[in-house]
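To be precise, the following lines are coords-v9.cif, and they hold mmCIF, C-alpha atoms.
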```
data_work
#
loop_
_atom_site.label_atom_id
_atom_site.label_comp_id
_atom_site.auth_asym_id
_atom_site.auth_seq_id
_atom_site.Cartn_x
_atom_site.Cartn_y
_atom_site.Cartn_z
CA MET A 1 54.78 72.79 -48.57
CA ASN A 2 57.96 72.44 -46.53
CA GLU A 3 57.39 75.66 -44.73
CA ASN A 4 53.80 74.72 -43.98
CA LEU A 5 54.61 71.46 -42.32
CA PHE A 6 56.54 72.92 -39.41
CA THR A 7 54.81 76.24 -38.94
CA SER A 8 52.28 74.62 -36.64
CA PHE A 9 55.09 73.99 -34.17
CA ALA A 10 56.22 77.61 -34.09
CA SER A 11 55.70 79.56 -30.89
CA PRO A 12 52.25 81.11 -31.08
CA THR A 13 52.05 84.83 -31.66
CA MET A 14 49.00 86.95 -32.22
CA MET A 15 49.54 90.23 -34.01
CA GLY A 16 53.22 90.08 -33.15
CA LEU A 17 52.78 89.44 -29.43
CA PRO A 18 53.78 86.07 -27.97
CA ILE A 19 50.84 84.39 -26.32
CA VAL A 20 52.59 81.15 -25.47
CA THR A 21 52.03 81.76 -21.73
CA LEU A 22 48.30 82.04 -22.25
CA VAL A 23 48.26 78.88 -24.32
CA ILE A 24 50.14 76.96 -21.61
CA LEU A 25 47.77 78.29 -18.94
CA PHE A 26 44.63 77.42 -20.89
CA PRO A 27 44.20 73.75 -19.75
CA SER A 28 43.99 74.91 -16.15
CA MET A 29 40.71 76.63 -17.01
CA LEU A 30 39.20 73.25 -17.78
CA PHE A 31 39.83 71.90 -14.29
CA PRO A 32 37.59 73.79 -11.87
CA SER A 33 38.47 73.37 -8.24
CA PRO A 34 35.92 71.47 -6.14
CA SER A 35 34.15 73.81 -3.76
CA ARG A 36 31.50 71.59 -2.21
CA LEU A 37 31.03 68.12 -0.85
CA ILE A 38 29.07 67.11 -3.96
CA ASN A 39 30.14 69.07 -7.00
CA ASN A 40 28.90 69.53 -10.52
CA ARG A 41 29.39 66.71 -13.00
CA LEU A 42 32.59 67.98 -14.55
CA THR A 43 34.32 68.37 -11.20
CA SER A 44 33.02 65.02 -9.93
CA ILE A 45 34.32 63.16 -12.96
CA GLN A 46 37.72 64.81 -12.63
CA GLN A 47 37.83 64.06 -8.89
CA TRP A 48 37.04 60.40 -9.52
CA LEU A 49 39.72 60.13 -12.22
CA ILE A 50 42.35 61.77 -10.05
CA GLN A 51 41.57 59.50 -7.12
CA LEU A 52 41.76 56.44 -9.37
CA THR A 53 45.09 57.52 -10.86
CA SER A 54 46.67 58.54 -7.58
CA LYS A 55 45.76 55.27 -5.92
CA GLN A 56 47.14 53.34 -8.86
CA MET A 57 50.37 55.26 -8.96
CA MET A 58 51.27 56.08 -5.39
CA LEU A 59 50.58 52.76 -3.68
CA MET A 60 54.06 51.44 -4.36
CA HIS A 61 55.82 54.23 -2.48
CA ASN A 62 56.65 54.45 1.18
CA HIS A 63 55.62 57.40 3.29
CA LYS A 64 58.47 59.58 2.10
CA GLY A 65 57.69 58.94 -1.55
CA GLN A 66 54.00 59.63 -1.06
CA THR A 67 54.77 63.23 -0.22
CA TRP A 68 55.33 63.63 -3.96
CA THR A 69 51.70 62.76 -4.76
CA LEU A 70 50.60 66.31 -5.44
CA MET A 71 53.53 66.94 -7.74
CA LEU A 72 53.05 63.76 -9.74
CA MET A 73 49.28 64.13 -10.03
CA SER A 74 49.58 67.69 -11.29
CA LEU A 75 52.23 66.50 -13.72
CA ILE A 76 50.09 63.79 -15.24
CA MET A 77 47.07 66.07 -15.44
CA PHE A 78 49.07 68.82 -17.11
CA ILE A 79 50.76 66.60 -19.69
CA GLY A 80 47.58 64.63 -20.39
CA SER A 81 45.38 67.68 -20.86
CA THR A 82 47.99 69.54 -22.92
CA ASN A 83 48.49 66.58 -25.23
CA LEU A 84 44.76 66.03 -25.67
CA LEU A 85 44.12 69.70 -26.39
CA GLY A 86 46.85 69.55 -29.01
CA LEU A 87 44.75 67.14 -31.02
CA LEU A 88 42.22 69.85 -31.75
CA PRO A 89 42.70 71.42 -35.19
CA HIS A 90 45.12 74.32 -35.48
CA SER A 91 46.04 74.30 -31.82
CA PHE A 92 49.52 74.69 -30.41
CA THR A 93 50.88 71.93 -28.17
CA PRO A 94 53.48 73.14 -25.69
CA THR A 95 54.78 69.63 -25.12
CA THR A 96 56.14 69.53 -28.67
CA GLN A 97 58.78 72.00 -27.57
CA LEU A 98 61.91 70.32 -26.26
CA SER A 99 62.62 73.33 -24.08
CA MET A 100 59.48 72.82 -22.07
CA ASN A 101 59.92 69.08 -21.68
CA LEU A 102 63.49 69.54 -20.53
CA GLY A 103 62.21 72.11 -18.07
CA MET A 104 59.86 69.49 -16.67
CA ALA A 105 62.19 66.50 -16.78
CA ILE A 106 65.47 67.86 -15.44
CA PRO A 107 64.22 69.39 -12.17
CA LEU A 108 62.06 66.38 -11.34
CA TRP A 109 64.80 63.87 -12.05
CA ALA A 110 67.41 65.98 -10.24
CA GLY A 111 65.04 66.22 -7.28
CA THR A 112 64.76 62.46 -7.00
CA VAL A 113 68.53 61.99 -7.31
CA ALA A 114 69.27 64.70 -4.77
CA MET A 115 66.74 63.19 -2.38
CA GLY A 116 68.35 59.78 -2.74
CA LEU A 117 71.87 61.10 -2.25
CA ARG A 118 70.82 63.02 0.81
CA HIS A 119 68.77 60.44 2.68
CA LYS A 120 70.16 57.12 1.55
CA THR A 121 73.67 58.00 0.39
CA LYS A 122 75.14 54.51 0.55
CA ALA A 123 72.19 52.87 -1.19
CA SER A 124 71.98 55.41 -4.01
CA LEU A 125 75.71 55.22 -4.67
CA ALA A 126 75.45 51.45 -4.61
CA HIS A 127 73.11 51.64 -7.59
CA PHE A 128 76.13 52.37 -9.74
CA LEU A 129 77.37 48.81 -9.47
CA PRO A 130 74.98 45.89 -10.00
CA GLN A 131 75.43 42.93 -7.73
CA GLY A 132 77.67 40.10 -8.77
CA THR A 133 79.77 41.77 -11.44
CA PRO A 134 83.18 40.20 -12.09
CA SER A 135 86.04 42.36 -10.74
CA PRO A 136 87.74 43.28 -14.05
CA LEU A 137 84.49 44.76 -15.35
CA ILE A 138 83.92 47.11 -12.41
CA PRO A 139 85.42 50.35 -13.78
CA MET A 140 83.64 50.02 -17.10
CA LEU A 141 80.35 49.17 -15.47
CA VAL A 142 80.50 52.16 -13.13
CA ILE A 143 80.99 54.40 -16.16
CA ILE A 144 78.12 52.75 -18.00
CA GLU A 145 75.79 53.00 -15.03
CA SER A 146 76.62 56.66 -14.46
CA ILE A 147 76.00 57.43 -18.13
CA SER A 148 72.67 55.65 -17.94
CA LEU A 149 71.80 57.72 -14.89
CA LEU A 150 72.72 61.00 -16.54
CA ILE A 151 70.75 60.15 -19.66
CA GLN A 152 67.49 59.63 -17.76
CA PRO A 153 66.28 63.27 -17.90
CA MET A 154 67.28 63.59 -21.56
CA ALA A 155 65.40 60.41 -22.38
CA LEU A 156 62.30 61.62 -20.52
CA ALA A 157 62.22 64.92 -22.35
CA VAL A 158 63.11 63.64 -25.80
CA ARG A 159 60.65 60.72 -25.55
CA LEU A 160 57.73 63.04 -24.90
CA THR A 161 58.78 65.59 -27.52
CA ALA A 162 59.43 63.03 -30.22
CA ASN A 163 56.25 61.06 -29.69
CA ILE A 164 53.92 64.03 -29.73
CA THR A 165 55.72 65.81 -32.58
CA ALA A 166 55.81 62.68 -34.70
CA GLY A 167 52.12 62.07 -34.15
CA HIS A 168 51.19 65.60 -35.15
CA LEU A 169 53.41 65.46 -38.23
CA LEU A 170 51.86 62.18 -39.34
CA ILE A 171 48.37 63.59 -38.96
CA HIS A 172 49.32 66.66 -41.02
CA LEU A 173 50.94 64.58 -43.76
CA ILE A 174 48.25 61.93 -44.06
CA GLY A 175 45.53 64.56 -43.91
CA GLY A 176 47.22 66.49 -46.69
CA ALA A 177 47.57 63.31 -48.70
CA THR A 178 43.87 62.52 -48.29
CA LEU A 179 42.91 65.95 -49.53
CA ALA A 180 45.23 65.70 -52.51
CA LEU A 181 43.99 62.24 -53.43
CA ILE A 182 40.31 63.20 -53.57
CA SER A 183 40.60 64.69 -57.03
CA ILE A 184 42.76 61.82 -58.28
CA SER A 185 41.12 58.63 -57.08
CA MET A 186 38.25 58.47 -54.60
CA ILE A 187 39.00 54.92 -53.46
CA SER A 188 42.55 55.62 -52.38
CA ALA A 189 41.32 58.79 -50.70
CA LEU A 190 38.88 56.65 -48.74
CA ILE A 191 41.62 54.24 -47.71
CA THR A 192 43.81 57.13 -46.65
CA PHE A 193 40.92 58.56 -44.69
CA ILE A 194 40.50 55.29 -42.82
CA ILE A 195 44.21 55.38 -42.03
CA LEU A 196 43.75 58.93 -40.77
CA THR A 197 40.90 57.85 -38.49
CA LEU A 198 42.95 55.01 -37.04
CA LEU A 199 45.87 57.36 -36.58
CA THR A 200 43.72 59.85 -34.71
CA ILE A 201 42.52 57.13 -32.35
CA LEU A 202 46.15 56.18 -31.83
CA GLU A 203 47.06 59.76 -31.11
CA PHE A 204 44.40 60.00 -28.43
CA ALA A 205 45.87 56.95 -26.79
CA VAL A 206 49.44 58.23 -27.21
CA ALA A 207 48.54 61.54 -25.63
CA LEU A 208 47.38 59.82 -22.47
CA ILE A 209 50.02 57.11 -22.48
CA GLN A 210 52.88 59.56 -22.78
CA ALA A 211 51.62 61.46 -19.79
CA TYR A 212 51.37 58.24 -17.88
CA VAL A 213 54.82 57.05 -18.90
CA PHE A 214 56.46 60.33 -17.99
CA THR A 215 54.90 60.35 -14.57
CA LEU A 216 55.49 56.66 -14.01
CA LEU A 217 59.18 56.95 -14.75
CA VAL A 218 59.58 59.90 -12.44
CA SER A 219 57.84 57.93 -9.73
CA LEU A 220 60.12 54.98 -10.46
CA TYR A 221 63.18 57.13 -10.00
CA LEU A 222 61.57 58.35 -6.81
CA HIS A 223 61.02 54.80 -5.60
CA ASP A 224 64.64 53.98 -6.16
CA ASN A 225 65.71 56.93 -4.13
CA THR A 226 63.41 56.93 -1.11
CA MET B 1 3.80 102.73 -10.32
CA GLY B 2 6.24 101.13 -7.98
CA GLY B 3 4.10 101.04 -4.86
CA GLN B 4 1.00 99.59 -6.47
CA CYS B 5 2.53 96.15 -6.92
CA GLY B 6 2.35 95.57 -3.23
CA GLY B 7 6.03 95.03 -2.63
CA THR B 8 8.65 97.31 -1.11
CA GLY B 9 10.18 100.12 -3.08
CA ASP B 10 13.15 98.04 -4.05
CA ALA B 11 11.11 95.37 -5.76
CA GLY B 12 8.76 97.81 -7.39
CA VAL B 13 8.56 96.47 -10.91
CA PRO B 14 7.68 92.75 -10.93
CA GLY B 15 10.38 90.58 -12.44
CA LEU B 16 12.99 93.28 -12.36
CA GLY B 17 13.16 93.33 -8.59
CA ALA B 18 16.48 91.58 -8.33
CA LEU B 19 18.14 93.72 -10.96
CA THR B 20 17.02 97.05 -9.64
CA ALA B 21 17.79 96.01 -6.07
CA ARG B 22 21.36 95.20 -7.03
CA HIS B 23 22.20 98.01 -9.35
CA ALA B 24 20.05 100.98 -8.36
CA PRO B 25 20.62 102.85 -5.16
CA ARG B 26 18.08 101.90 -2.53
CA SER B 27 15.26 104.38 -2.98
CA PRO B 28 11.51 104.45 -2.48
CA ALA B 29 10.76 104.95 -6.18
CA SER B 30 12.09 102.54 -8.76
CA THR B 31 11.91 105.20 -11.45
CA GLN B 32 14.71 107.23 -9.82
CA VAL B 33 17.61 108.01 -12.11
CA VAL B 34 20.45 105.48 -11.94
CA PRO B 35 23.96 106.93 -12.34
CA VAL B 36 25.51 106.03 -15.70
CA LYS B 37 28.45 104.28 -14.13
CA GLU B 38 26.38 101.59 -12.48
CA LYS B 39 24.20 100.73 -15.45
CA LYS B 40 24.66 97.47 -17.28
CA LEU B 41 25.57 97.73 -20.94
CA MET B 42 22.10 96.91 -22.22
CA ASP B 43 20.56 99.76 -20.21
CA VAL B 44 22.98 102.43 -21.41
CA LYS B 45 21.53 104.70 -24.05
CA LEU B 46 23.53 105.29 -27.21
CA GLY B 47 24.24 108.92 -26.36
CA GLU B 48 25.66 107.91 -23.00
CA LEU B 49 27.93 105.24 -24.48
CA PRO B 50 31.20 107.23 -24.66
CA SER B 51 30.88 108.44 -21.09
CA TRP B 52 30.00 104.90 -19.97
CA ILE B 53 33.09 103.48 -21.68
CA LEU B 54 35.32 106.15 -20.19
CA MET B 55 34.04 105.46 -16.70
CA ARG B 56 34.89 101.73 -16.80
CA ASP B 57 37.83 100.51 -14.81
CA PHE B 58 40.73 99.90 -17.19
CA THR B 59 43.43 99.32 -14.62
CA PRO B 60 45.00 95.83 -14.62
CA LYS B 61 43.00 95.02 -11.53
CA GLY B 62 39.82 96.11 -13.26
CA ILE B 63 40.55 94.09 -16.38
CA ALA B 64 41.42 91.04 -14.29
CA GLY B 65 38.16 91.55 -12.43
CA ALA B 66 36.28 91.67 -15.70
CA PHE B 67 37.83 88.38 -16.85
CA ARG B 68 37.03 86.82 -13.50
CA ARG B 69 33.42 87.96 -13.65
CA GLY B 70 33.08 86.68 -17.20
CA TYR B 71 34.58 83.32 -16.26
CA TYR B 72 32.27 82.87 -13.30
CA ARG B 73 29.28 83.97 -15.30
CA TYR B 74 29.95 81.27 -17.90
CA TYR B 75 30.91 78.68 -15.31
CA ASN B 76 27.85 79.18 -13.17
CA LYS B 77 25.51 79.16 -16.12
CA TYR B 78 26.76 76.13 -18.03
CA VAL B 79 29.04 73.98 -15.90
CA ASN B 80 28.20 74.44 -12.25
CA VAL B 81 24.64 73.14 -12.61
CA LYS B 82 23.00 70.04 -11.28
CA LYS B 83 22.63 68.25 -14.60
CA GLY B 84 25.33 69.79 -16.73
CA GLY B 85 26.03 68.17 -20.05
CA VAL B 86 28.78 68.06 -22.59
CA ALA B 87 27.76 71.46 -23.97
CA GLY B 88 29.45 73.39 -21.20
CA ILE B 89 32.94 72.27 -22.02
CA SER B 90 32.41 71.78 -25.78
CA MET B 91 31.59 75.45 -26.20
CA VAL B 92 34.89 76.32 -24.57
CA LEU B 93 36.78 73.93 -26.85
CA ALA B 94 35.01 75.23 -29.94
CA ALA B 95 35.95 78.78 -28.97
CA TYR B 96 39.54 77.60 -28.46
CA VAL B 97 39.63 76.07 -31.96
CA LEU B 98 38.20 79.26 -33.44
CA PHE B 99 40.74 81.36 -31.59
CA ASN B 100 43.61 79.25 -32.89
CA TYR B 101 42.21 79.37 -36.42
CA CYS B 102 42.11 83.16 -36.32
CA ARG B 103 45.67 83.12 -35.03
CA CYS B 104 46.91 80.93 -37.90
CA TYR B 105 44.79 82.47 -40.63
CA LYS B 106 47.69 84.25 -42.26
CA GLU B 107 49.54 81.02 -42.94
CA LEU B 108 46.40 79.12 -43.86
CA LYS B 109 45.35 81.67 -46.46
CA HIS B 110 47.71 80.04 -48.93
CA ASN B 111 45.83 76.75 -48.84
CA ARG B 112 42.75 78.11 -50.56
CA LEU B 113 41.72 76.43 -53.80
CA HIS B 114 42.77 78.74 -56.63
CA LYS B 115 42.37 77.93 -60.26
CA TYR B 116 45.62 79.68 -61.05
CA LEU B 117 48.23 79.78 -58.28
#
```
For this file, write the structure as structure tokens.
Amino acid sequence: MNENLFTSFASPTMMGLPIVTLVILFPSMLFPSPSRLINNRLTSIQQWLIQLTSKQMMLMHNHKGQTWTLMLMSLIMFIGSTNLLGLLPHSFTPTTQLSMNLGMAIPLWAGTVAMGLRHKTKASLAHFLPQGTPSPLIPMLVIIESISLLIQPMALAVRLTANITAGHLLIHLIGGATLALISISMISALITFIILTLLTILEFAVALIQAYVFTLLVSLYLHDNT
Amino acid sequence: MGGQCGGTGDAGVPGLGALTARHAPRSPASTQVVPVKEKKLMDVKLGELPSWILMRDFTPKGIAGAFRRGYYRYYNKYVNVKKGGVAGISMVLAAYVLFNYCRCYKELKHNRLHKYL
């Protein structure tokens, strides 16, 4: 039972060959590129969603920040589609792997910090000391602010990993409990099944929300630094 | 037989005009022999099957081309239509689930209901 619970998070192999690259590339097949003025229904729906999201997210940036639109839109589409596909039975979700989330979080965060240090050096260094702090507290506060800056990429990666992994684990556990309870007491199995349904609805929401939060925070760091 | 339908030699047999025009060499008679390499799989006779398989392009470029053709065939039939429905993408997702199930089957075998474990 213990071995079974975590085997769904193992890197996918088929007949001994790792196919994790194929699994990561699969969501891109579901987003066909628009080739005409008026496209088929799938492409039109995706176009409309992307325009809605990009307007919502990129309006708060100035011109320099809006050059990041393509990056942030691809990010939210990738994380959202990967998380949603992970809700299908037996599938592998790449965003449960901390390695991949670190690989997404650290370069993006470092890019925003580097951009801020390069273009607005004084302002980005000034972020280390909030306005109006009493003089004796300054050294400690600089240390605290720098730690909070350095922890941003870790928090981004770990938040996404932990949320998705925890959701999947809960679904596995409660699903297993429902199956086990059927032969013992039908009523409690029914209650557990209702809990499972609610949990699945929650997981759909979490999948999308986590994508949104990840991208929003990156864009927030960008806003601070442009 | 070809000329009596009133069309050109390429569209000799009614209904098969497009197929023969694409895959057969342009010739006056539609009953001319088509080389094995250019036949589609359904037209290859059983005896010709080994030679047909050996003549296919198995280089990486050929395999990539085969995947591309297959993708566009599916896409143009089910998704890229005027009134596409949910079936186009659900078939892909169902195939994805099936693929993952086959991948995990070894670990899932243990969950079968046995009377004696």
Counting only C-alpha atoms, what is within 12 Å of Leu30 of chain A, bar same-chain residues fewer than 6 positions away, as a compact mmCIF listing (two decimals) with C-alpha atoms, keeping the file's coordinate frame?
```txt
# COMPACT_ATOMS: atom_id res chain seq x y z
CA LEU A 42 32.59 67.98 -14.55
CA THR A 43 34.32 68.37 -11.20
CA GLN A 46 37.72 64.81 -12.63
CA MET A 77 47.07 66.07 -15.44
CA PHE A 78 49.07 68.82 -17.11
CA SER A 81 45.38 67.68 -20.86
CA THR A 82 47.99 69.54 -22.92
CA LEU A 85 44.12 69.70 -26.39
CA TYR B 71 34.58 83.32 -16.26
CA TYR B 75 30.91 78.68 -15.31
CA VAL B 79 29.04 73.98 -15.90
CA GLY B 88 29.45 73.39 -21.20
CA ILE B 89 32.94 72.27 -22.02
CA SER B 90 32.41 71.78 -25.78
CA MET B 91 31.59 75.45 -26.20
CA VAL B 92 34.89 76.32 -24.57
CA LEU B 93 36.78 73.93 -26.85
CA TYR B 96 39.54 77.60 -28.46
```
Please write as a PDB file with C-alpha atoms, keeping the file's coordinate frame the full residue list that the PyMOL selection byres ((chain A) within 12 of (chain B)) yields on this file.
```pdb
ATOM      1  CA  MET A   1      54.780  72.790 -48.570  1.00  0.00           C
ATOM      2  CA  GLU A   3      57.390  75.660 -44.730  1.00  0.00           C
ATOM      3  CA  ASN A   4      53.800  74.720 -43.980  1.00  0.00           C
ATOM      4  CA  LEU A   5      54.610  71.460 -42.320  1.00  0.00           C
ATOM      5  CA  PHE A   6      56.540  72.920 -39.410  1.00  0.00           C
ATOM      6  CA  THR A   7      54.810  76.240 -38.940  1.00  0.00           C
ATOM      7  CA  SER A   8      52.280  74.620 -36.640  1.00  0.00           C
ATOM      8  CA  PHE A   9      55.090  73.990 -34.170  1.00  0.00           C
ATOM      9  CA  ALA A  10      56.220  77.610 -34.090  1.00  0.00           C
ATOM     10  CA  SER A  11      55.700  79.560 -30.890  1.00  0.00           C
ATOM     11  CA  PRO A  12      52.250  81.110 -31.080  1.00  0.00           C
ATOM     12  CA  THR A  13      52.050  84.830 -31.660  1.00  0.00           C
ATOM     13  CA  MET A  14      49.000  86.950 -32.220  1.00  0.00           C
ATOM     14  CA  MET A  15      49.540  90.230 -34.010  1.00  0.00           C
ATOM     15  CA  GLY A  16      53.220  90.080 -33.150  1.00  0.00           C
ATOM     16  CA  LEU A  17      52.780  89.440 -29.430  1.00  0.00           C
ATOM     17  CA  PRO A  18      53.780  86.070 -27.970  1.00  0.00           C
ATOM     18  CA  ILE A  19      50.840  84.390 -26.320  1.00  0.00           C
ATOM     19  CA  VAL A  20      52.590  81.150 -25.470  1.00  0.00           C
ATOM     20  CA  LEU A  22      48.300  82.040 -22.250  1.00  0.00           C
ATOM     21  CA  VAL A  23      48.260  78.880 -24.320  1.00  0.00           C
ATOM     22  CA  PHE A  26      44.630  77.420 -20.890  1.00  0.00           C
ATOM     23  CA  PRO A  27      44.200  73.750 -19.750  1.00  0.00           C
ATOM     24  CA  MET A  29      40.710  76.630 -17.010  1.00  0.00           C
ATOM     25  CA  LEU A  30      39.200  73.250 -17.780  1.00  0.00           C
ATOM     26  CA  PHE A  31      39.830  71.900 -14.290  1.00  0.00           C
ATOM     27  CA  PRO A  32      37.590  73.790 -11.870  1.00  0.00           C
ATOM     28  CA  SER A  33      38.470  73.370  -8.240  1.00  0.00           C
ATOM     29  CA  PRO A  34      35.920  71.470  -6.140  1.00  0.00           C
ATOM     30  CA  SER A  35      34.150  73.810  -3.760  1.00  0.00           C
ATOM     31  CA  ARG A  36      31.500  71.590  -2.210  1.00  0.00           C
ATOM     32  CA  ILE A  38      29.070  67.110  -3.960  1.00  0.00           C
ATOM     33  CA  ASN A  39      30.140  69.070  -7.000  1.00  0.00           C
ATOM     34  CA  ASN A  40      28.900  69.530 -10.520  1.00  0.00           C
ATOM     35  CA  ARG A  41      29.390  66.710 -13.000  1.00  0.00           C
ATOM     36  CA  LEU A  42      32.590  67.980 -14.550  1.00  0.00           C
ATOM     37  CA  THR A  43      34.320  68.370 -11.200  1.00  0.00           C
ATOM     38  CA  SER A  44      33.020  65.020  -9.930  1.00  0.00           C
ATOM     39  CA  ILE A  45      34.320  63.160 -12.960  1.00  0.00           C
ATOM     40  CA  LEU A  84      44.760  66.030 -25.670  1.00  0.00           C
ATOM     41  CA  LEU A  85      44.120  69.700 -26.390  1.00  0.00           C
ATOM     42  CA  GLY A  86      46.850  69.550 -29.010  1.00  0.00           C
ATOM     43  CA  LEU A  87      44.750  67.140 -31.020  1.00  0.00           C
ATOM     44  CA  LEU A  88      42.220  69.850 -31.750  1.00  0.00           C
ATOM     45  CA  PRO A  89      42.700  71.420 -35.190  1.00  0.00           C
ATOM     46  CA  HIS A  90      45.120  74.320 -35.480  1.00  0.00           C
ATOM     47  CA  SER A  91      46.040  74.300 -31.820  1.00  0.00           C
ATOM     48  CA  PHE A  92      49.520  74.690 -30.410  1.00  0.00           C
ATOM     49  CA  THR A  93      50.880  71.930 -28.170  1.00  0.00           C
ATOM     50  CA  GLY A 176      47.220  66.490 -46.690  1.00  0.00           C
ATOM     51  CA  LEU A 179      42.910  65.950 -49.530  1.00  0.00           C
ATOM     52  CA  ALA A 180      45.230  65.700 -52.510  1.00  0.00           C
TER      53      ALA A 180
END
```
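As for atom CA of Asn225 of chain A and atom CA of Gly116 of chain A, they are spaced 4.1 Å apart.
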Would you mind reading off the distance between atom CA of Glu145 of chain A and atom CA of Phe214 of chain A, one decimal, in Å?
20.9 Å
Evaluate the PyMOL selection byres ((chain A and resi 61-64) around 9) and record the selected residues as an NGL selection string, following the chain and residue labels used in the document.
:A and (57-60 or 65-68 or 219 or 222-223 or 226)
note - atom CA of Arg112 of chain B and atom CA of Leu170 of chain A are separated by 21.5 Å
Given the file shown, enumerate the residues that the PyMOL selection byres ((chain A and resi 76) around 8) captures and present them as a PyMOL selection string.
chain A and resi 72-75+77-80+211-212+214-215
